[in-house]
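Notes follow once the structure below has been shown.
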Amino acid sequence: MSEITLRPVNEYRATYVCIQEKIEGLTDLQLEWKPAPAKWSIKEVVAHLVDSSMVHAIRIRKIVAENTPQFLLYDQDAWVASSRSNATSMEEILSAFHALLLYNALFYERLSEEDWSKKGLNGDKEVSIADLFQGFINHVNIHLAQIDRNKAGLAEQ
Ligand code: NI
């Protein structure tokens, strides 16, 4: 693996620690509180990051192995609403995230320079492995901010 790709794969791996630090010491009330019935609790936010990691795992493998495949699409709100993640412990949800993250990090670390520029199709828009990789990190950061908003929202009640 090249120097170019080594730094970001470490950044990708670090998303686990970022989530872990963000939720450290939170009570079940904080973890399970929903800002509104249709909004997500912190457990549901992290479970969504597990769902997203599963879809990510399939997308990156399809793109590297197949010729410009169509993206696997999913209805994220329907997945969260039907998963009852508040009934699971935060530790178990987080360990599922960690397992998928590690497995995908190992995959990324084996990619060639050519693989990083391979593309899939999201509708008619071409998206490369490099785009998806950075998109995963950005997506985690968006949801870390959402966790902060949930904490603040409950504190204001
Ligand atoms: Ni999301």
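If you're wondering about the labels, chains in the structure tokens are A, B, ... by order shown, residues count from 1 in each chain, ligands from 1 in order shown.
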
Give me, as a tab-separated table, the closest atom pair and its distance (Å, one decimal) for every residue of chain A within a cut-off of 8 Å of ligand 1, counting only C-alpha atoms and all ligand atoms, rows sorted by chain and rising number.
residue	atom	partner	partner_atom_place_in_ligand_line	distance
A:Val45	CA	ligand 1	1 (Ni)	7.8
A:His48	CA	ligand 1	1 (Ni)	6.6
A:Leu49	CA	ligand 1	1 (Ni)	6.8
A:Ser52	CA	ligand 1	1 (Ni)	7.3
A:Gln76	CA	ligand 1	1 (Ni)	7.6
A:His139	CA	ligand 1	1 (Ni)	6.0
A:Val140	CA	ligand 1	1 (Ni)	7.6
A:Ile142	CA	ligand 1	1 (Ni)	7.4
A:His143	CA	ligand 1	1 (Ni)	6.5

Residues of range 63-141 of chain A at most 8 Å from range 8-32 of chain A: nearest atom pair and distance in Å, only C-alpha atoms, as JSON lines:
{"residue": "A:Asn86", "atom": "CA", "partner": "A:Glu32", "partner_atom": "CA", "distance": 5.8}
{"residue": "A:Met90", "atom": "CA", "partner": "A:Leu31", "partner_atom": "CA", "distance": 7.8}
{"residue": "A:Leu94", "atom": "CA", "partner": "A:Gln20", "partner_atom": "CA", "distance": 7.6}
{"residue": "A:Phe97", "atom": "CA", "partner": "A:Tyr16", "partner_atom": "CA", "distance": 7.5}
{"residue": "A:His98", "atom": "CA", "partner": "A:Tyr16", "partner_atom": "CA", "distance": 6.1}
{"residue": "A:Leu101", "atom": "CA", "partner": "A:Arg13", "partner_atom": "CA", "distance": 6.7}
{"residue": "A:Leu102", "atom": "CA", "partner": "A:Arg13", "partner_atom": "CA", "distance": 7.0}
{"residue": "A:Ala105", "atom": "CA", "partner": "A:Val9", "partner_atom": "CA", "distance": 6.5}
{"residue": "A:Tyr108", "atom": "CA", "partner": "A:Val9", "partner_atom": "CA", "distance": 7.2}
{"residue": "A:Glu109", "atom": "CA", "partner": "A:Val9", "partner_atom": "CA", "distance": 7.2}
{"residue": "A:Phe133", "atom": "CA", "partner": "A:Tyr12", "partner_atom": "CA", "distance": 7.9}
{"residue": "A:Phe136", "atom": "CA", "partner": "A:Tyr12", "partner_atom": "CA", "distance": 7.9}
{"residue": "A:Ile137", "atom": "CA", "partner": "A:Tyr12", "partner_atom": "CA", "distance": 6.1}
{"residue": "A:Val140", "atom": "CA", "partner": "A:Thr15", "partner_atom": "CA", "distance": 6.9}

Using the selection just defined, write its residues with C-alpha atoms as a tab-separated table (two decimals), in the first residue's frame.
chain	number	residue	atom	x	y	z
A	86	ASN	CA	-33.05	0.78	21.69
A	90	MET	CA	-24.79	0.27	23.29
A	94	LEU	CA	-20.62	-0.43	19.00
A	97	PHE	CA	-19.60	-1.22	14.15
A	98	HIS	CA	-16.02	-2.01	15.15
A	101	LEU	CA	-14.93	-1.20	10.33
A	102	LEU	CA	-11.92	-3.48	10.89
A	105	ALA	CA	-10.12	-1.32	6.78
A	108	TYR	CA	-8.96	-0.97	1.90
A	109	GLU	CA	-5.38	-1.71	2.93
A	133	PHE	CA	-14.03	6.10	1.48
A	136	PHE	CA	-17.81	7.21	5.06
A	137	ILE	CA	-15.61	9.38	7.31
A	140	VAL	CA	-19.64	9.45	10.72

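Remark: for Lys62 in chain A, the closest of the candidate residues A:Ala145, A:Ile93, A:Ile129, A:Val50 is A:Ile129 (distances computed over only C-alpha atoms).
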
Enumerate the residues of range 7-148 of chain A with a DSSP assignment of strand (DSSP E or B), computed from the backbone, and present them as a VMD selection string. chain A and resid 70 119 to 122 125 to 128

Since we have the selection now, will you write its residues out, keeping N, CA and C atoms, as a PDB file, in the first residue's frame?
ATOM      1  N   GLN A  70     -24.138  -0.828 -10.322  1.00  0.00           N
ATOM      2  CA  GLN A  70     -25.089   0.075  -9.676  1.00  0.00           C
ATOM      3  C   GLN A  70     -24.949  -0.064  -8.159  1.00  0.00           C
ATOM      4  N   LYS A 119     -14.981   2.873 -10.141  1.00  0.00           N
ATOM      5  CA  LYS A 119     -16.230   3.590  -9.883  1.00  0.00           C
ATOM      6  C   LYS A 119     -17.458   2.690  -9.924  1.00  0.00           C
ATOM      7  N   GLY A 120     -18.475   3.110  -9.147  1.00  0.00           N
ATOM      8  CA  GLY A 120     -19.807   2.521  -9.245  1.00  0.00           C
ATOM      9  C   GLY A 120     -20.782   3.606  -9.640  1.00  0.00           C
ATOM     10  N   LEU A 121     -22.033   3.228  -9.868  1.00  0.00           N
ATOM     11  CA  LEU A 121     -23.047   4.194 -10.297  1.00  0.00           C
ATOM     12  C   LEU A 121     -24.121   4.371  -9.232  1.00  0.00           C
ATOM     13  N   ASN A 122     -24.285   5.645  -8.813  1.00  0.00           N
ATOM     14  CA  ASN A 122     -25.384   6.012  -7.923  1.00  0.00           C
ATOM     15  C   ASN A 122     -26.384   6.751  -8.808  1.00  0.00           C
ATOM     16  N   LYS A 125     -24.776   8.948 -11.615  1.00  0.00           N
ATOM     17  CA  LYS A 125     -23.578   9.634 -11.117  1.00  0.00           C
ATOM     18  C   LYS A 125     -22.488   8.612 -10.783  1.00  0.00           C
ATOM     19  N   GLU A 126     -21.289   8.829 -11.320  1.00  0.00           N
ATOM     20  CA  GLU A 126     -20.167   7.927 -11.020  1.00  0.00           C
ATOM     21  C   GLU A 126     -19.525   8.298  -9.689  1.00  0.00           C
ATOM     22  N   VAL A 127     -19.319   7.287  -8.847  1.00  0.00           N
ATOM     23  CA  VAL A 127     -18.705   7.510  -7.535  1.00  0.00           C
ATOM     24  C   VAL A 127     -17.543   6.535  -7.396  1.00  0.00           C
ATOM     25  N   SER A 128     -16.357   7.053  -7.061  1.00  0.00           N
ATOM     26  CA  SER A 128     -15.173   6.190  -6.962  1.00  0.00           C
ATOM     27  C   SER A 128     -15.030   5.606  -5.560  1.00  0.00           C
TER      28      SER A 128
END

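Among the candidates A:Ala130, A:Leu72, A:Leu144, A:Val80, the one nearest to Ala57 in chain A when counting only C-alpha atoms is A:Leu72.
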
Restricting to only C-alpha atoms, whichever of A:Trp40, A:Trp33, A:Trp116, A:Tyr103 is closest to Asp77 in chain A is A:Trp40

Identify all residues of range 84-152 of chain A in alpha helix (DSSP H) (DSSP on the backbone) and supply them as a ChimeraX atom specification. /A:90-109,113-116,129-152

Could you turn the residues from that selection into a file that holds N, CA and C atoms, as a CSV table (one decimal), in the first residue's frame?
chain,number,residue,atom,x,y,z
A,90,MET,N,-25.7,-0.6,24.1
A,90,MET,CA,-24.8,0.3,23.3
A,90,MET,C,-23.5,-0.5,23.0
A,91,GLU,N,-23.0,-1.2,23.9
A,91,GLU,CA,-21.7,-1.9,23.7
A,91,GLU,C,-21.8,-2.9,22.6
A,92,GLU,N,-22.9,-3.6,22.5
A,92,GLU,CA,-23.1,-4.6,21.4
A,92,GLU,C,-23.2,-3.9,20.0
A,93,ILE,N,-23.9,-2.8,20.0
A,93,ILE,CA,-24.0,-2.0,18.7
A,93,ILE,C,-22.7,-1.5,18.3
A,94,LEU,N,-21.9,-1.0,19.3
A,94,LEU,CA,-20.6,-0.4,19.0
A,94,LEU,C,-19.6,-1.5,18.6
A,95,SER,N,-19.8,-2.7,19.2
A,95,SER,CA,-18.8,-3.8,18.8
A,95,SER,C,-19.1,-4.3,17.3
A,96,ALA,N,-20.4,-4.2,17.0
A,96,ALA,CA,-20.8,-4.6,15.6
A,96,ALA,C,-20.1,-3.5,14.6
A,97,PHE,N,-20.2,-2.3,15.0
A,97,PHE,CA,-19.6,-1.2,14.2
A,97,PHE,C,-18.1,-1.5,14.0
A,98,HIS,N,-17.5,-1.8,15.1
A,98,HIS,CA,-16.0,-2.0,15.1
A,98,HIS,C,-15.6,-3.2,14.3
A,99,ALA,N,-16.4,-4.3,14.3
A,99,ALA,CA,-16.0,-5.5,13.6
A,99,ALA,C,-16.1,-5.2,12.1
A,100,LEU,N,-17.2,-4.5,11.6
A,100,LEU,CA,-17.3,-4.2,10.2
A,100,LEU,C,-16.2,-3.2,9.8
A,101,LEU,N,-15.9,-2.2,10.6
A,101,LEU,CA,-14.9,-1.2,10.3
A,101,LEU,C,-13.6,-1.9,10.1
A,102,LEU,N,-13.2,-2.8,11.0
A,102,LEU,CA,-11.9,-3.5,10.9
A,102,LEU,C,-11.9,-4.3,9.6
A,103,TYR,N,-13.0,-5.0,9.3
A,103,TYR,CA,-13.0,-5.8,8.1
A,103,TYR,C,-12.8,-5.0,6.8
A,104,ASN,N,-13.5,-3.8,6.8
A,104,ASN,CA,-13.4,-2.9,5.7
A,104,ASN,C,-12.0,-2.3,5.6
A,105,ALA,N,-11.5,-1.9,6.8
A,105,ALA,CA,-10.1,-1.3,6.8
A,105,ALA,C,-9.1,-2.3,6.2
A,106,LEU,N,-9.2,-3.6,6.5
A,106,LEU,CA,-8.3,-4.6,6.0
A,106,LEU,C,-8.5,-4.7,4.4
A,107,PHE,N,-9.7,-4.6,4.0
A,107,PHE,CA,-10.0,-4.6,2.5
A,107,PHE,C,-9.3,-3.4,1.9
A,108,TYR,N,-9.6,-2.2,2.5
A,108,TYR,CA,-9.0,-1.0,1.9
A,108,TYR,C,-7.4,-1.1,1.8
A,109,GLU,N,-6.8,-1.6,2.9
A,109,GLU,CA,-5.4,-1.7,2.9
A,109,GLU,C,-4.8,-2.6,1.9
A,113,GLU,N,-3.5,1.0,-6.3
A,113,GLU,CA,-3.8,2.4,-6.7
A,113,GLU,C,-4.9,2.4,-7.7
A,114,GLU,N,-4.9,1.5,-8.6
A,114,GLU,CA,-5.9,1.4,-9.7
A,114,GLU,C,-7.3,1.1,-9.0
A,115,ASP,N,-7.3,0.3,-8.0
A,115,ASP,CA,-8.6,0.0,-7.4
A,115,ASP,C,-9.3,1.3,-6.8
A,116,TRP,N,-8.4,2.2,-6.2
A,116,TRP,CA,-9.0,3.4,-5.6
A,116,TRP,C,-9.7,4.2,-6.5
A,129,ILE,N,-14.2,4.6,-5.4
A,129,ILE,CA,-13.8,4.0,-4.1
A,129,ILE,C,-13.3,5.1,-3.2
A,130,ALA,N,-12.4,6.0,-3.8
A,130,ALA,CA,-11.9,7.1,-3.0
A,130,ALA,C,-13.0,8.0,-2.5
A,131,ASP,N,-14.0,8.3,-3.3
A,131,ASP,CA,-15.1,9.1,-2.9
A,131,ASP,C,-15.9,8.5,-1.8
A,132,LEU,N,-16.2,7.2,-1.9
A,132,LEU,CA,-16.9,6.4,-0.9
A,132,LEU,C,-16.2,6.4,0.4
A,133,PHE,N,-14.9,6.2,0.3
A,133,PHE,CA,-14.0,6.1,1.5
A,133,PHE,C,-14.1,7.4,2.3
A,134,GLN,N,-13.9,8.5,1.6
A,134,GLN,CA,-14.0,9.8,2.3
A,134,GLN,C,-15.4,10.1,2.7
A,135,GLY,N,-16.4,9.7,1.9
A,135,GLY,CA,-17.8,9.8,2.3
A,135,GLY,C,-18.1,9.1,3.6
A,136,PHE,N,-17.5,8.0,3.8
A,136,PHE,CA,-17.8,7.2,5.1
A,136,PHE,C,-17.4,8.0,6.3
A,137,ILE,N,-16.2,8.6,6.2
A,137,ILE,CA,-15.6,9.4,7.3
A,137,ILE,C,-16.5,10.6,7.5
A,138,ASN,N,-16.8,11.3,6.5
A,138,ASN,CA,-17.7,12.5,6.6
A,138,ASN,C,-19.1,12.1,7.2
A,139,HIS,N,-19.6,11.0,6.8
A,139,HIS,CA,-20.9,10.5,7.3
A,139,HIS,C,-20.8,10.3,8.8
A,140,VAL,N,-19.8,9.7,9.3
A,140,VAL,CA,-19.6,9.4,10.7
A,140,VAL,C,-19.6,10.8,11.4
A,141,ASN,N,-18.9,11.8,10.9
A,141,ASN,CA,-18.8,13.1,11.5
A,141,ASN,C,-20.1,13.8,11.6
A,142,ILE,N,-20.9,13.7,10.5
A,142,ILE,CA,-22.3,14.3,10.5
A,142,ILE,C,-23.1,13.7,11.7
A,143,HIS,N,-23.0,12.4,11.9
A,143,HIS,CA,-23.8,11.7,13.0
A,143,HIS,C,-23.2,12.0,14.4
A,144,LEU,N,-21.9,12.2,14.4
A,144,LEU,CA,-21.3,12.6,15.8
A,144,LEU,C,-21.9,14.0,16.2
A,145,ALA,N,-22.1,14.9,15.3
A,145,ALA,CA,-22.7,16.1,15.6
A,145,ALA,C,-24.2,15.9,16.0
A,146,GLN,N,-24.9,14.9,15.4
A,146,GLN,CA,-26.2,14.6,15.7
A,146,GLN,C,-26.3,14.1,17.2
A,147,ILE,N,-25.3,13.3,17.6
A,147,ILE,CA,-25.2,12.8,19.0
A,147,ILE,C,-25.1,14.0,19.9
A,148,ASP,N,-24.3,15.0,19.6
A,148,ASP,CA,-24.2,16.2,20.4
A,148,ASP,C,-25.5,16.9,20.6
A,149,ARG,N,-26.3,17.0,19.4
A,149,ARG,CA,-27.6,17.6,19.5
A,149,ARG,C,-28.6,16.9,20.4
A,150,ASN,N,-28.5,15.5,20.3
A,150,ASN,CA,-29.4,14.7,21.2
A,150,ASN,C,-29.1,15.0,22.7
A,151,LYS,N,-27.8,15.0,23.0
A,151,LYS,CA,-27.4,15.2,24.4
A,151,LYS,C,-27.9,16.6,24.8
A,152,ALA,N,-27.7,17.6,24.0
A,152,ALA,CA,-28.1,19.0,24.4
A,152,ALA,C,-29.6,19.0,24.5

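If only C-alpha atoms are the atoms counted, then among A:Ile42, A:Ala65, A:Ala36, A:Ala47 the closest residue to Ser82 in chain A is A:Ala47.
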
Which value, in Å to one decimal, gives the distance between CA of Leu111 in chain A and CA of Val64 in chain A? 8.6 Å

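Nearest to Pro69 in chain A of all the residues A:Asp124, A:Asp51, A:Val46, A:Ala81 is A:Asp124, based on only C-alpha atoms.
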
For Tyr74 in chain A, which residue among A:Ala87, A:Ala155, A:Ala38, A:Met54 is the nearest when counting only C-alpha atoms? A:Met54
